[in-house]
>>> print(open('data24.cif').read())   # mmCIF, C-alpha atoms
data_run
#
loop_
_atom_site.label_atom_id
_atom_site.label_comp_id
_atom_site.auth_asym_id
_atom_site.auth_seq_id
_atom_site.Cartn_x
_atom_site.Cartn_y
_atom_site.Cartn_z
CA PHE A 101 -24.76 -14.69 -49.43
CA SER A 102 -28.16 -13.05 -49.78
CA SER A 103 -30.55 -12.93 -46.84
CA ALA A 104 -33.01 -15.09 -48.80
CA SER A 105 -30.59 -18.00 -48.90
CA ARG A 106 -30.22 -18.20 -45.12
CA SER A 107 -32.56 -20.08 -42.84
CA PRO A 108 -33.88 -17.84 -40.07
CA LEU A 109 -33.05 -18.70 -36.47
CA PRO A 110 -35.93 -20.26 -34.57
CA MET A 111 -37.78 -17.77 -32.38
CA THR A 112 -36.66 -19.64 -29.25
CA ALA A 113 -32.94 -19.25 -29.92
CA VAL A 114 -31.18 -17.15 -27.26
CA ALA A 115 -27.66 -15.79 -27.53
CA PRO A 116 -25.36 -17.18 -24.83
CA LYS A 117 -25.07 -14.93 -21.82
CA VAL A 118 -21.65 -13.40 -21.42
CA GLU A 119 -20.65 -12.41 -17.91
CA LYS A 120 -19.22 -8.93 -17.96
CA GLU A 121 -15.99 -8.79 -16.03
CA GLU A 122 -16.06 -6.09 -13.40
CA GLU A 123 -13.66 -3.34 -14.39
CA GLN A 124 -10.75 -2.54 -12.09
CA VAL A 125 -10.84 1.00 -10.71
CA VAL A 126 -7.69 2.48 -9.15
CA ASN A 127 -7.34 6.20 -8.56
CA PRO A 128 -6.46 8.39 -5.56
CA TRP A 129 -10.05 8.32 -4.29
CA GLU A 130 -11.37 4.87 -5.21
CA VAL A 131 -9.87 1.38 -5.31
CA SER A 132 -11.90 -1.66 -6.34
CA ALA A 133 -11.41 -4.77 -8.43
CA GLY A 134 -13.41 -7.66 -9.77
CA LYS A 135 -13.07 -11.27 -8.77
CA GLY A 136 -9.44 -12.21 -8.32
CA GLY A 137 -8.24 -9.03 -6.67
CA ILE A 138 -6.22 -6.08 -7.91
CA GLY A 139 -4.31 -6.72 -11.14
CA TYR A 140 -0.93 -5.21 -10.28
CA ASP A 141 0.69 -6.25 -13.56
CA LYS A 142 -2.07 -4.40 -15.35
CA LEU A 143 -1.47 -1.32 -13.20
CA VAL A 144 2.26 -1.34 -13.95
CA ASP A 145 1.49 -1.42 -17.67
CA GLN A 146 -1.30 1.14 -17.41
CA PHE A 147 0.63 3.64 -15.29
CA GLY A 148 3.98 3.10 -16.98
CA CYS A 149 6.03 2.47 -13.84
CA GLN A 150 8.65 -0.26 -13.37
CA ARG A 151 8.80 -3.39 -11.25
CA LEU A 152 11.19 -3.42 -8.29
CA ASP A 153 13.54 -6.29 -9.08
CA ALA A 154 15.82 -8.37 -6.87
CA ALA A 155 18.93 -6.55 -8.14
CA THR A 156 17.58 -3.18 -6.96
CA ILE A 157 16.60 -4.59 -3.56
CA ASP A 158 20.06 -6.13 -3.16
CA ARG A 159 21.57 -2.78 -4.10
CA VAL A 160 19.63 -1.04 -1.31
CA ALA A 161 21.07 -3.52 1.17
CA ARG A 162 24.61 -3.04 -0.14
CA LEU A 163 24.47 0.77 -0.09
CA THR A 164 22.87 1.08 3.35
CA GLY A 165 24.59 -1.81 5.10
CA ARG A 166 21.18 -2.95 6.35
CA PRO A 167 18.95 -5.88 5.43
CA PRO A 168 16.21 -4.80 3.01
CA HIS A 169 12.98 -3.90 4.78
CA ARG A 170 10.53 -6.80 4.94
CA PHE A 171 8.12 -4.74 2.80
CA LEU A 172 10.73 -4.96 0.05
CA ARG A 173 11.61 -8.62 0.66
CA ARG A 174 7.95 -9.66 0.61
CA GLY A 175 6.96 -7.56 -2.38
CA LEU A 176 4.60 -5.15 -0.64
CA PHE A 177 6.61 -2.33 -2.23
CA PHE A 178 6.77 -3.69 -5.75
CA ALA A 179 7.06 -0.83 -8.25
CA HIS A 180 9.01 2.39 -8.73
CA ARG A 181 9.84 5.37 -10.87
CA ASP A 182 13.55 6.20 -11.18
CA PHE A 183 14.43 4.69 -7.80
CA ASN A 184 17.77 3.61 -9.28
CA GLU A 185 18.58 7.25 -10.05
CA ILE A 186 18.22 8.02 -6.35
CA LEU A 187 20.53 5.11 -5.54
CA ASP A 188 23.03 6.37 -8.14
CA LEU A 189 23.12 9.77 -6.42
CA TYR A 190 23.50 8.23 -2.99
CA GLU A 191 26.34 6.02 -4.20
CA LYS A 192 28.14 9.16 -5.41
CA GLY A 193 27.81 10.71 -1.95
CA GLU A 194 24.88 13.02 -2.80
CA LYS A 195 21.77 13.41 -0.67
CA PHE A 196 18.06 13.43 -1.39
CA TYR A 197 14.94 13.95 0.71
CA LEU A 198 11.78 11.96 1.35
CA TYR A 199 8.19 13.11 0.94
CA THR A 200 5.06 11.21 1.93
CA GLY A 201 1.66 12.17 3.27
CA ARG A 202 -1.73 11.37 4.68
CA GLY A 203 -5.25 12.46 3.79
CA PRO A 204 -6.93 12.59 7.22
CA SER A 205 -10.45 11.18 6.96
CA SER A 206 -10.62 9.04 10.13
CA GLU A 207 -9.92 9.48 13.84
CA SER A 208 -6.80 7.31 13.65
CA LEU A 209 -4.64 5.38 11.20
CA HIS A 210 -5.38 1.77 10.33
CA LEU A 211 -2.82 -0.90 9.40
CA GLY A 212 -2.96 0.00 5.72
CA HIS A 213 -2.17 3.66 6.50
CA LEU A 214 0.86 2.55 8.50
CA VAL A 215 2.56 0.86 5.54
CA PRO A 216 4.04 3.96 3.82
CA PHE A 217 5.03 5.51 7.15
CA MET A 218 6.79 2.39 8.41
CA PHE A 219 8.66 2.09 5.13
CA THR A 220 9.51 5.80 5.11
CA LYS A 221 10.86 5.46 8.65
CA TYR A 222 13.15 2.67 7.39
CA LEU A 223 14.32 4.80 4.45
CA GLN A 224 15.03 7.81 6.68
CA ASP A 225 17.07 5.71 9.10
CA ALA A 226 18.89 3.76 6.37
CA PHE A 227 19.84 6.74 4.18
CA LYS A 228 19.92 9.40 6.95
CA VAL A 229 17.95 11.95 4.95
CA PRO A 230 15.34 14.65 5.73
CA LEU A 231 11.62 14.05 5.36
CA VAL A 232 8.53 16.18 4.73
CA ILE A 233 5.07 14.84 5.61
CA GLN A 234 2.00 16.52 4.11
CA LEU A 235 -1.41 16.31 5.78
CA THR A 236 -3.93 17.05 3.04
CA ASP A 237 -6.76 18.23 5.28
CA ASP A 238 -7.95 20.48 2.44
CA GLU A 239 -8.33 17.48 0.14
CA LYS A 240 -10.56 15.68 2.62
CA PHE A 241 -12.69 18.79 3.02
CA LEU A 242 -13.13 18.81 -0.77
CA TRP A 243 -13.91 15.10 -1.21
CA LYS A 244 -15.63 14.17 2.05
CA ASN A 245 -18.63 15.61 3.85
CA LEU A 246 -16.46 17.39 6.42
CA THR A 247 -16.21 20.95 7.67
CA VAL A 248 -12.90 22.81 7.57
CA ASN A 249 -12.58 22.58 11.36
CA GLU A 250 -13.31 18.85 11.37
CA SER A 251 -10.74 18.23 8.64
CA LYS A 252 -8.14 20.16 10.62
CA ARG A 253 -9.03 18.27 13.81
CA LEU A 254 -8.61 14.90 12.09
CA ALA A 255 -5.24 16.04 10.75
CA ARG A 256 -4.08 16.76 14.31
CA GLU A 257 -5.32 13.36 15.50
CA ASN A 258 -3.63 11.54 12.62
CA ALA A 259 -0.41 13.48 13.24
CA LYS A 260 -0.18 11.84 16.68
CA ASP A 261 -0.20 8.37 15.12
CA ILE A 262 2.39 9.43 12.53
CA ILE A 263 4.68 10.90 15.18
CA ALA A 264 4.45 7.59 17.07
CA CYS A 265 6.18 5.87 14.13
CA GLY A 266 9.42 7.33 15.49
CA PHE A 267 10.75 9.64 12.79
CA ASP A 268 13.92 11.63 13.44
CA VAL A 269 12.64 14.89 14.94
CA GLU A 270 15.72 16.75 13.71
CA LYS A 271 15.15 15.69 10.11
CA THR A 272 11.33 15.69 9.81
CA PHE A 273 8.90 18.49 8.93
CA MET A 274 5.15 17.76 9.06
CA PHE A 275 2.55 20.29 7.94
CA SER A 276 -1.17 20.60 7.19
CA ASP A 277 -2.21 22.28 3.96
CA PHE A 278 -4.75 24.55 5.65
CA ASN A 279 -2.05 25.95 7.92
CA PHE A 280 0.95 26.00 5.58
CA VAL A 281 0.02 26.72 1.96
CA GLY A 282 1.35 30.11 0.89
CA GLY A 283 4.63 31.81 0.00
CA ALA A 284 7.10 29.74 -2.03
CA PHE A 285 4.82 26.69 -1.75
CA TYR A 286 1.96 28.57 -3.41
CA GLU A 287 4.29 30.02 -6.05
CA ASN A 288 5.18 26.48 -7.14
CA MET A 289 1.50 25.49 -7.13
CA VAL A 290 0.72 28.29 -9.56
CA LYS A 291 3.64 27.33 -11.81
CA VAL A 292 2.45 23.72 -11.95
CA ALA A 293 -1.18 24.73 -12.53
CA ARG A 294 -0.26 26.89 -15.52
CA CYS A 295 1.40 23.89 -17.20
CA VAL A 296 -1.57 21.52 -16.90
CA THR A 297 -4.58 22.01 -19.18
CA TYR A 298 -8.13 21.15 -18.22
CA ASN A 299 -8.17 18.28 -20.73
CA LYS A 300 -4.91 16.93 -19.30
CA VAL A 301 -6.11 16.90 -15.71
CA VAL A 302 -9.40 15.29 -16.72
CA GLY A 303 -7.49 12.63 -18.65
CA ILE A 304 -5.22 11.84 -15.68
CA PHE A 305 -7.76 11.97 -12.85
CA GLY A 306 -11.10 11.35 -14.57
CA PHE A 307 -12.84 14.46 -13.27
CA SER A 308 -16.37 15.03 -14.58
CA GLN A 309 -18.39 18.15 -15.34
CA GLU A 310 -20.16 17.62 -12.02
CA ASP A 311 -16.95 18.05 -10.00
CA HIS A 312 -16.45 21.48 -8.49
CA ILE A 313 -13.54 23.61 -9.64
CA ARG A 314 -11.49 23.22 -6.44
CA LYS A 315 -11.22 19.46 -6.98
CA ILE A 316 -9.84 20.09 -10.45
CA SER A 317 -7.31 22.57 -9.09
CA PHE A 318 -6.19 20.41 -6.17
CA PRO A 319 -3.47 18.21 -7.82
CA PRO A 320 -0.77 20.95 -7.74
CA VAL A 321 -1.12 21.03 -3.94
CA GLN A 322 0.03 17.41 -3.69
CA ALA A 323 2.61 17.86 -6.43
CA VAL A 324 4.79 20.65 -5.11
CA PRO A 325 6.12 19.10 -1.87
CA SER A 326 8.32 17.08 -4.26
CA PHE A 327 10.19 20.31 -5.12
CA PRO A 328 12.68 21.49 -2.47
CA SER A 329 12.05 25.13 -3.47
CA SER A 330 8.62 24.75 -1.83
CA PHE A 331 10.43 24.66 1.53
CA PRO A 332 13.02 27.48 1.54
CA HIS A 333 13.27 27.26 5.33
CA LEU A 334 14.46 23.65 4.95
CA PHE A 335 16.34 23.54 1.64
CA SER A 336 17.63 27.04 0.94
CA GLY A 337 20.20 26.90 -1.86
CA MET A 338 19.32 23.25 -2.59
CA GLU A 339 16.74 23.78 -5.33
CA GLN A 340 17.95 20.77 -7.38
CA LEU A 341 17.84 18.29 -4.49
CA ARG A 342 16.10 15.11 -5.62
CA CYS A 343 12.99 13.78 -3.89
CA LEU A 344 11.90 10.18 -3.25
CA ILE A 345 8.21 9.54 -2.56
CA PRO A 346 7.12 6.29 -0.84
CA CYS A 347 3.38 5.84 -1.47
CA ALA A 348 0.68 3.38 -2.49
CA ILE A 349 0.26 2.95 -6.23
CA ASP A 350 -3.14 4.69 -6.28
CA GLN A 351 -1.26 7.98 -5.74
CA ASP A 352 0.72 7.51 -8.97
CA PRO A 353 -1.52 9.83 -11.07
CA TYR A 354 -0.49 12.84 -8.97
CA PHE A 355 3.17 12.22 -9.63
CA ARG A 356 2.85 11.28 -13.29
CA MET A 357 1.53 14.79 -13.67
CA THR A 358 4.29 16.18 -11.45
CA ARG A 359 7.05 14.43 -13.37
CA ASP A 360 5.65 15.72 -16.66
CA VAL A 361 5.60 19.32 -15.43
CA ALA A 362 8.85 19.40 -13.40
CA PRO A 363 11.35 20.05 -16.24
CA ARG A 364 9.12 22.79 -17.64
CA ILE A 365 9.41 24.81 -14.43
CA GLY A 366 13.11 24.08 -13.83
CA CYS A 367 12.64 21.37 -11.20
CA GLN A 368 13.86 17.80 -10.85
CA LYS A 369 11.44 14.95 -11.40
CA PRO A 370 10.57 13.14 -8.17
CA SER A 371 11.26 9.41 -7.88
CA LEU A 372 8.78 6.97 -6.35
CA THR A 373 8.60 3.62 -4.59
CA GLU A 374 5.06 2.27 -4.80
CA SER A 375 3.26 -0.30 -2.67
CA ARG A 376 0.45 -2.73 -3.14
CA PHE A 377 -2.76 -2.07 -1.22
CA PHE A 378 -3.17 -3.51 2.23
CA PRO A 379 -6.16 -5.87 1.82
CA ALA A 380 -9.45 -5.28 3.59
CA LEU A 381 -10.48 -7.86 6.17
CA GLN A 382 -13.04 -9.11 3.65
CA GLY A 383 -10.38 -10.17 1.13
CA GLU A 384 -8.09 -9.11 -1.72
CA SER A 385 -10.69 -7.44 -3.96
CA THR A 386 -10.18 -4.05 -2.33
CA LYS A 387 -8.09 -2.31 0.33
CA MET A 388 -8.57 -1.38 3.96
CA SER A 389 -10.59 1.80 3.96
CA ALA A 390 -11.47 4.44 6.52
CA SER A 391 -14.86 4.60 4.79
CA ASP A 392 -15.68 1.10 6.08
CA PRO A 393 -14.62 0.55 9.72
CA ASN A 394 -15.37 -3.17 9.40
CA SER A 395 -12.72 -3.50 6.69
CA ALA A 396 -9.87 -2.28 8.86
CA ILE A 397 -7.95 -2.65 12.10
CA TYR A 398 -7.12 0.76 13.58
CA VAL A 399 -4.12 1.53 15.75
CA THR A 400 -6.50 2.76 18.46
CA ASP A 401 -8.79 -0.31 18.40
CA SER A 402 -9.23 -1.97 21.77
CA GLU A 403 -8.71 -5.69 22.29
CA GLU A 404 -12.47 -6.13 22.12
CA GLU A 405 -12.81 -4.10 18.91
CA ILE A 406 -10.08 -6.11 17.19
CA LYS A 407 -12.31 -9.17 17.56
CA LYS A 408 -14.09 -7.83 14.44
CA VAL A 409 -11.54 -10.05 12.67
CA ASN A 410 -13.54 -13.09 13.80
CA LYS A 411 -16.69 -11.77 12.13
CA TYR A 412 -15.50 -9.90 9.04
CA ALA A 413 -12.16 -11.40 7.99
CA PHE A 414 -12.14 -13.58 4.87
CA SER A 415 -9.97 -16.53 5.82
CA GLY A 416 -10.42 -19.17 3.15
CA GLY A 417 -12.58 -21.23 5.48
CA GLN A 418 -16.11 -22.41 4.71
CA ASP A 419 -19.31 -20.76 5.91
CA SER A 420 -20.14 -23.47 8.43
CA ALA A 421 -18.46 -26.17 10.51
CA GLU A 422 -20.21 -28.85 8.43
CA LEU A 423 -18.88 -27.45 5.14
CA GLN A 424 -15.47 -26.98 6.68
CA ARG A 425 -15.32 -30.67 7.60
CA GLU A 426 -16.62 -31.70 4.18
CA LEU A 427 -14.64 -29.37 1.91
CA GLY A 428 -11.75 -28.10 4.00
CA ALA A 429 -10.23 -24.67 3.62
CA ASN A 430 -8.76 -22.86 0.64
CA LEU A 431 -5.13 -22.74 1.75
CA GLU A 432 -4.23 -20.27 -1.02
CA VAL A 433 -6.14 -17.59 0.89
CA SER A 434 -4.20 -15.95 3.69
CA PRO A 435 -6.15 -16.07 6.98
CA CYS A 436 -4.58 -12.79 8.04
CA PRO A 437 -2.68 -10.64 5.51
CA ALA A 438 -1.47 -8.47 8.39
CA LEU A 439 0.78 -11.30 9.54
CA GLU A 440 2.41 -11.53 6.11
CA HIS A 441 3.34 -7.87 6.25
CA PHE A 442 4.08 -7.20 9.91
CA LEU A 443 5.66 -10.34 11.38
CA LEU A 444 9.41 -9.84 11.55
CA ASP A 445 10.40 -13.51 11.20
CA ASN A 446 10.16 -14.82 7.63
CA LYS A 447 9.74 -18.38 8.96
CA LEU A 448 6.35 -17.45 10.42
CA VAL A 449 4.76 -16.17 7.21
#
>>> encode(input="data24.cif", output="structure tokens")
Amino acid sequence: FSSASRSPLPMTAVAPKVEKEEEQVVNPWEVSAGKGGIGYDKLVDQFGCQRLDAATIDRVARLTGRPPHRFLRRGLFFAHRDFNEILDLYEKGEKFYLYTGRGPSSESLHLGHLVPFMFTKYLQDAFKVPLVIQLTDDEKFLWKNLTVNESKRLARENAKDIIACGFDVEKTFMFSDFNFVGGAFYENMVKVARCVTYNKVVGIFGFSQEDHIRKISFPPVQAVPSFPSSFPHLFSGMEQLRCLIPCAIDQDPYFRMTRDVAPRIGCQKPSLTESRFFPALQGESTKMSASDPNSAIYVTDSEEEIKKVNKYAFSGGQDSAELQRELGANLEVSPCPALEHFLLDNKLV
């Protein structure tokens, strides 16, 4: 049709307004979601990991002779990379080791920080394997407004909370990057770095031209604890020992890169078990964060400080007693996600 044959729209016509859906952001340094919370199915598809199914959870119970951890039963740990390969090795009588970590940016751990450590404790006890724990105090110096000394101090404080989780002292090695990086560990960092182009690291982590060069070069630091050759004092002669990494799913980009590089430098790919985020007190749209003290319950909070739950927690109730009586509560909203994750008795959640 020609333009002349069409009647013009009246000047008062207005196109319907389309609400732009807030984009989900999940990376090692930022987690946020639009209305409705984090889309975990979308993350599984986007990252290319696999769902933890009932058959795998049952297999863990059969191989260890223990009930599956409640974090598995309740779906807090919900995704993985090659976890079944680790179980295959264990079933054949072979060992593996565990690697997890903490970026110290607060005086103490909050409930969300505890999740990977509690689950790692279960894995260490169930499979009777060694564990390395990395404190990335250098990362927090690079991303936060902290001095080197303050980053190191926070690492020491956080280490106390981690030790209190009760890991086997004979099978656990914990280190801070500022104090440990060098030797064989640094050799592996350089090998990894040479295999990852600038374009590749920008594509994985979303770095911008405004980011300083040390941020861009940091990922190999978190990658190489998954290679036993980084710890010759622990794993001498065991360079092909497999590694299992329990972590939250926002850490997946580090280990996608690691798994891509590993065969190129003669190392085994690490396997992962990945958890959902522990919700902030304000609701499911984000996670507990050390950046917002009112979003979290810390292990060092006093009884009085924990009463922040009364003020900040999103419970599904209405904003006033009058509305509560008129409309009731939204029973689909958990009044306290912590209970779902930490109560031992399934009948109570």
>>> residues_around(input="data24.cif", residues="Leu143 in chain A", least_positions_apart="6", cutoff="10 Å", atoms="all atoms listed in the file", output="NGL selection string")
:A and (124-126 or 149 or 179 or 349-350)
>>> resolve_selection(input="data24.cif", expression="the PyMOL selection byres ((chain A and resi 187) around 12)", output="MDAnalysis selection string")
chainID A and resid 156:164 181:186 188:196 223 227 342:344 371:372
>>> residues_around(input="data24.cif", residues="range 258-275 of chain A", least_positions_apart="3", cutoff="12 Å", atoms="only C-alpha atoms", output="PyMOL selection string")
chain A and resi 197-211+213-238+251-255+278-281+285+325+331+333-335+398-400
>>> resolve_selection(input="data24.cif", expression="the PyMOL selection byres ((chain A and resi 286) around 12)", output="list of chain:residue names")
A:Asp277, A:Phe278, A:Phe280, A:Val281, A:Gly282, A:Gly283, A:Ala284, A:Phe285, A:Glu287, A:Asn288, A:Met289, A:Val290, A:Lys291, A:Val292, A:Ala293, A:Phe318, A:Pro320, A:Val321, A:Gln322, A:Ala323, A:Val324, A:Pro325, A:Phe327, A:Ser329, A:Ser330, A:Phe331
>>> write_last_selection(input="data24.cif", atoms="C-alpha atoms", output="compact mmCIF listing (two decimals), keeping the file's coordinate frame")
# COMPACT_ATOMS: atom_id res chain seq x y z
CA ASP A 277 -2.21 22.28 3.96
CA PHE A 278 -4.75 24.55 5.65
CA PHE A 280 0.95 26.00 5.58
CA VAL A 281 0.02 26.72 1.96
CA GLY A 282 1.35 30.11 0.89
CA GLY A 283 4.63 31.81 0.00
CA ALA A 284 7.10 29.74 -2.03
CA PHE A 285 4.82 26.69 -1.75
CA GLU A 287 4.29 30.02 -6.05
CA ASN A 288 5.18 26.48 -7.14
CA MET A 289 1.50 25.49 -7.13
CA VAL A 290 0.72 28.29 -9.56
CA LYS A 291 3.64 27.33 -11.81
CA VAL A 292 2.45 23.72 -11.95
CA ALA A 293 -1.18 24.73 -12.53
CA PHE A 318 -6.19 20.41 -6.17
CA PRO A 320 -0.77 20.95 -7.74
CA VAL A 321 -1.12 21.03 -3.94
CA GLN A 322 0.03 17.41 -3.69
CA ALA A 323 2.61 17.86 -6.43
CA VAL A 324 4.79 20.65 -5.11
CA PRO A 325 6.12 19.10 -1.87
CA PHE A 327 10.19 20.31 -5.12
CA SER A 329 12.05 25.13 -3.47
CA SER A 330 8.62 24.75 -1.83
CA PHE A 331 10.43 24.66 1.53
>>> atom_distance(input="data24.cif", atom1="CA of Lys369 in chain A", atom2="CA of Asn299 in chain A")
22.0 Å
>>> atom_distance(input="data24.cif", atom1="CA of Arg294 in chain A", atom2="CA of Ala362 in chain A")
12.0 Å
>>> atom_distance(input="data24.cif", atom1="CA of Asn249 in chain A", atom2="CA of His312 in chain A")
20.3 Å
>>> closest_residue(input="data24.cif", among="A:Arg376, A:Arg314, A:Phe178, A:Glu426", to="Ile138 in chain A", atoms="only C-alpha atoms")
A:Arg376
>>> closest_residue(input="data24.cif", among="A:Leu152, A:Asp145, A:Phe377, A:Val361", to="Ser132 in chain A", atoms="all atoms listed in the file")
A:Phe377
>>> residues_near_point(input="data24.cif", point="(6.2, 0.3, -1.9)", cutoff="6 Å", atoms="only C-alpha atoms", output="MDAnalysis selection string")
chainID A and resid 176:178 373:375
